[in-house]
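*Asks:* There's a structure below that I have some questions on.
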Amino acid sequence: MTGIDIGSDAFDDHTFIARRHAYEGPNVSPPLAWSGVPDDAAELVLLCEDPDAPSGTFVHWIVVGIDPHSGGVGAGQSPPRGTELVNGYGDRGWGGPHPPPGDDAHHYLFRLYALAEPCVLPDAPRAEQVHEAVEEGQLASGTLVGLYRR
């Protein structure tokens with residue numbers, strides 16, 4: 001399986017995400033850029049999850065149906081042709097980092113999957129449901145990790 005390169009102008013891999021993107025801040029989704037998507041991809045799926053959340057992996061952003069020929073998404077935007085699903089806060093779209101005060105820095109995994117066929121998910125899927133749905137038809141993937149603490 002090939003890899004997708006995914007990055008952001010807002011933070012580097014394994015560095016801290018600015019308060020601008022946090023839930024208690026302006027809560028603006030970060031800009032993302034990607035390359036290396038296979039030509040035969042039918043769609044992209046974007047998942048941002050926090051595996052360090054005390055109650056289990058928390059979903060911050062799920063977008064399905066993203067145009068595989070797109071190269072990214074701007075800050076505060078929805079990815080091209082994407083459909084934003086309901087996040088762990090119960091809202092549609094981006095919900096920024098909000099770890100418990102005093103916790104060590106949490107890891108926010110921005111995972112981008114290139115799929116051979118469209119992905120079918122419930123409107124408010126858990127992270128595990130996304131992983132299961134993309135596992136079989138995955139052509140390539142990439143991950144960018146951001147950190148945040150309060």
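To be explicit about the labels: the chains of the structure tokens are called A, B, and onward in the order shown, and within each one the residues are counted from 1, while ligands get numbers from 1 in the order they are shown.
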So which residues touch region 53-58 of chain A within 9 Å, counting only C-alpha atoms, skipping near sequence neighbours fewer than 3 positions away, as a PyMOL selection string?
*Replies:* chain A and resi 48-50+87-89+99-100+106+126-128
*Asks:* Keeping only all heavy atoms, write those residues as an mmCIF file, in the first residue's frame.
*Replies:*
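Listing of part24.cif after writing:
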data_model
loop_
_atom_site.group_PDB
_atom_site.id
_atom_site.type_symbol
_atom_site.label_atom_id
_atom_site.label_comp_id
_atom_site.auth_asym_id
_atom_site.auth_seq_id
_atom_site.Cartn_x
_atom_site.Cartn_y
_atom_site.Cartn_z
ATOM 1 N N CYS A 48 -10.192 12.785 12.231
ATOM 2 C CA CYS A 48 -9.324 13.316 13.278
ATOM 3 C C CYS A 48 -9.830 12.739 14.589
ATOM 4 O O CYS A 48 -10.998 12.908 14.937
ATOM 5 C CB CYS A 48 -9.343 14.841 13.329
ATOM 6 S SG CYS A 48 -8.297 15.488 14.668
ATOM 7 N N GLU A 49 -8.935 12.050 15.300
ATOM 8 C CA GLU A 49 -9.310 11.377 16.538
ATOM 9 C C GLU A 49 -8.272 11.617 17.625
ATOM 10 O O GLU A 49 -7.113 11.862 17.334
ATOM 11 C CB GLU A 49 -9.476 9.879 16.290
ATOM 12 C CG GLU A 49 -8.203 9.224 15.780
ATOM 13 C CD GLU A 49 -8.381 7.769 15.395
ATOM 14 O OE1 GLU A 49 -9.027 7.019 16.155
ATOM 15 O OE2 GLU A 49 -7.861 7.375 14.336
ATOM 16 N N ASP A 50 -8.750 11.549 18.880
ATOM 17 C CA ASP A 50 -7.883 11.667 20.054
ATOM 18 C C ASP A 50 -7.924 10.335 20.801
ATOM 19 O O ASP A 50 -8.862 10.074 21.542
ATOM 20 C CB ASP A 50 -8.374 12.804 20.954
ATOM 21 C CG ASP A 50 -7.650 12.873 22.299
ATOM 22 O OD1 ASP A 50 -6.656 12.137 22.500
ATOM 23 O OD2 ASP A 50 -8.088 13.662 23.158
ATOM 24 N N ASN A 87 -19.449 14.802 14.987
ATOM 25 C CA ASN A 87 -18.268 14.496 15.803
ATOM 26 C C ASN A 87 -18.674 14.085 17.222
ATOM 27 O O ASN A 87 -19.860 14.002 17.537
ATOM 28 C CB ASN A 87 -17.297 15.695 15.813
ATOM 29 C CG ASN A 87 -17.912 16.945 16.414
ATOM 30 O OD1 ASN A 87 -18.663 16.897 17.390
ATOM 31 N ND2 ASN A 87 -17.591 18.099 15.838
ATOM 32 N N GLY A 88 -17.689 13.850 18.060
ATOM 33 C CA GLY A 88 -17.932 13.413 19.434
ATOM 34 C C GLY A 88 -18.643 14.434 20.302
ATOM 35 O O GLY A 88 -19.196 14.076 21.350
ATOM 36 N N TYR A 89 -18.641 15.702 19.903
ATOM 37 C CA TYR A 89 -19.369 16.743 20.642
ATOM 38 C C TYR A 89 -20.850 16.759 20.277
ATOM 39 O O TYR A 89 -21.632 17.489 20.871
ATOM 40 C CB TYR A 89 -18.786 18.128 20.355
ATOM 41 C CG TYR A 89 -17.358 18.321 20.782
ATOM 42 C CD1 TYR A 89 -16.350 18.532 19.842
ATOM 43 C CD2 TYR A 89 -16.998 18.305 22.127
ATOM 44 C CE1 TYR A 89 -15.035 18.718 20.222
ATOM 45 C CE2 TYR A 89 -15.690 18.496 22.521
ATOM 46 C CZ TYR A 89 -14.706 18.702 21.559
ATOM 47 O OH TYR A 89 -13.401 18.887 21.947
ATOM 48 N N PRO A 99 -8.758 18.627 25.723
ATOM 49 C CA PRO A 99 -8.444 17.612 26.731
ATOM 50 C C PRO A 99 -8.706 18.145 28.143
ATOM 51 O O PRO A 99 -8.761 19.365 28.344
ATOM 52 C CB PRO A 99 -6.955 17.353 26.516
ATOM 53 C CG PRO A 99 -6.438 18.641 25.963
ATOM 54 C CD PRO A 99 -7.554 19.194 25.120
ATOM 55 N N PRO A 100 -8.860 17.263 29.104
ATOM 56 C CA PRO A 100 -9.043 17.726 30.478
ATOM 57 C C PRO A 100 -7.857 18.574 30.940
ATOM 58 O O PRO A 100 -6.710 18.257 30.627
ATOM 59 C CB PRO A 100 -9.117 16.429 31.287
ATOM 60 C CG PRO A 100 -9.538 15.388 30.306
ATOM 61 C CD PRO A 100 -8.916 15.795 29.013
ATOM 62 N N HIS A 106 -2.385 15.611 24.664
ATOM 63 C CA HIS A 106 -3.083 14.569 23.915
ATOM 64 C C HIS A 106 -2.601 14.581 22.470
ATOM 65 O O HIS A 106 -2.146 15.605 21.963
ATOM 66 C CB HIS A 106 -4.589 14.811 23.945
ATOM 67 C CG HIS A 106 -5.238 14.426 25.234
ATOM 68 N ND1 HIS A 106 -6.507 13.930 25.300
ATOM 69 C CD2 HIS A 106 -4.786 14.457 26.509
ATOM 70 C CE1 HIS A 106 -6.827 13.662 26.553
ATOM 71 N NE2 HIS A 106 -5.785 14.000 27.321
ATOM 72 N N ARG A 126 -18.399 6.142 15.496
ATOM 73 C CA ARG A 126 -17.263 6.075 16.415
ATOM 74 C C ARG A 126 -16.010 5.863 15.575
ATOM 75 O O ARG A 126 -16.081 5.394 14.432
ATOM 76 C CB ARG A 126 -17.434 4.918 17.401
ATOM 77 C CG ARG A 126 -18.616 5.073 18.331
ATOM 78 C CD ARG A 126 -18.755 3.903 19.311
ATOM 79 N NE ARG A 126 -18.421 2.594 18.785
ATOM 80 C CZ ARG A 126 -19.244 1.817 18.062
ATOM 81 N NH1 ARG A 126 -20.458 2.227 17.771
ATOM 82 N NH2 ARG A 126 -18.842 0.624 17.630
ATOM 83 N N ALA A 127 -14.856 6.175 16.124
ATOM 84 C CA ALA A 127 -13.590 6.017 15.399
ATOM 85 C C ALA A 127 -13.415 4.577 14.919
ATOM 86 O O ALA A 127 -12.958 4.344 13.795
ATOM 87 C CB ALA A 127 -12.420 6.440 16.276
ATOM 88 N N GLU A 128 -13.785 3.603 15.761
ATOM 89 C CA GLU A 128 -13.619 2.192 15.396
ATOM 90 C C GLU A 128 -14.447 1.849 14.158
ATOM 91 O O GLU A 128 -14.031 1.052 13.326
ATOM 92 C CB GLU A 128 -14.041 1.281 16.564
ATOM 93 C CG GLU A 128 -13.223 1.455 17.815
ATOM 94 C CD GLU A 128 -13.622 2.706 18.631
ATOM 95 O OE1 GLU A 128 -14.812 3.124 18.609
ATOM 96 O OE2 GLU A 128 -12.731 3.272 19.276
#
*Asks:* Looking only at strand (DSSP E or B) from DSSP on the backbone, list the matching residues of chain A as a VMD selection string.
*Replies:* chain A and resid 2 to 3 5 to 7 15 to 16 32 to 35 43 to 50 58 to 66 72 to 73 83 to 84 86 92 106 to 115 138 to 148
*Asks:* Can you measure CA of Trp61 (chain A) to CA of Pro79 (chain A) for me? One decimal in Å is fine.
*Replies:*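 The value is 11.3 Å.
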*Asks:* What does the structure give for the distance between CA of Val120 (chain A) and CA of Gly93 (chain A), in Å to one decimal?
*Replies:*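 It comes out at 17.0 Å.
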*Asks:* Could you please determine the separation between CA of Val134 (chain A) and CA of Leu44 (chain A) in Å, to one decimal place?
*Replies:* 9.8 Å
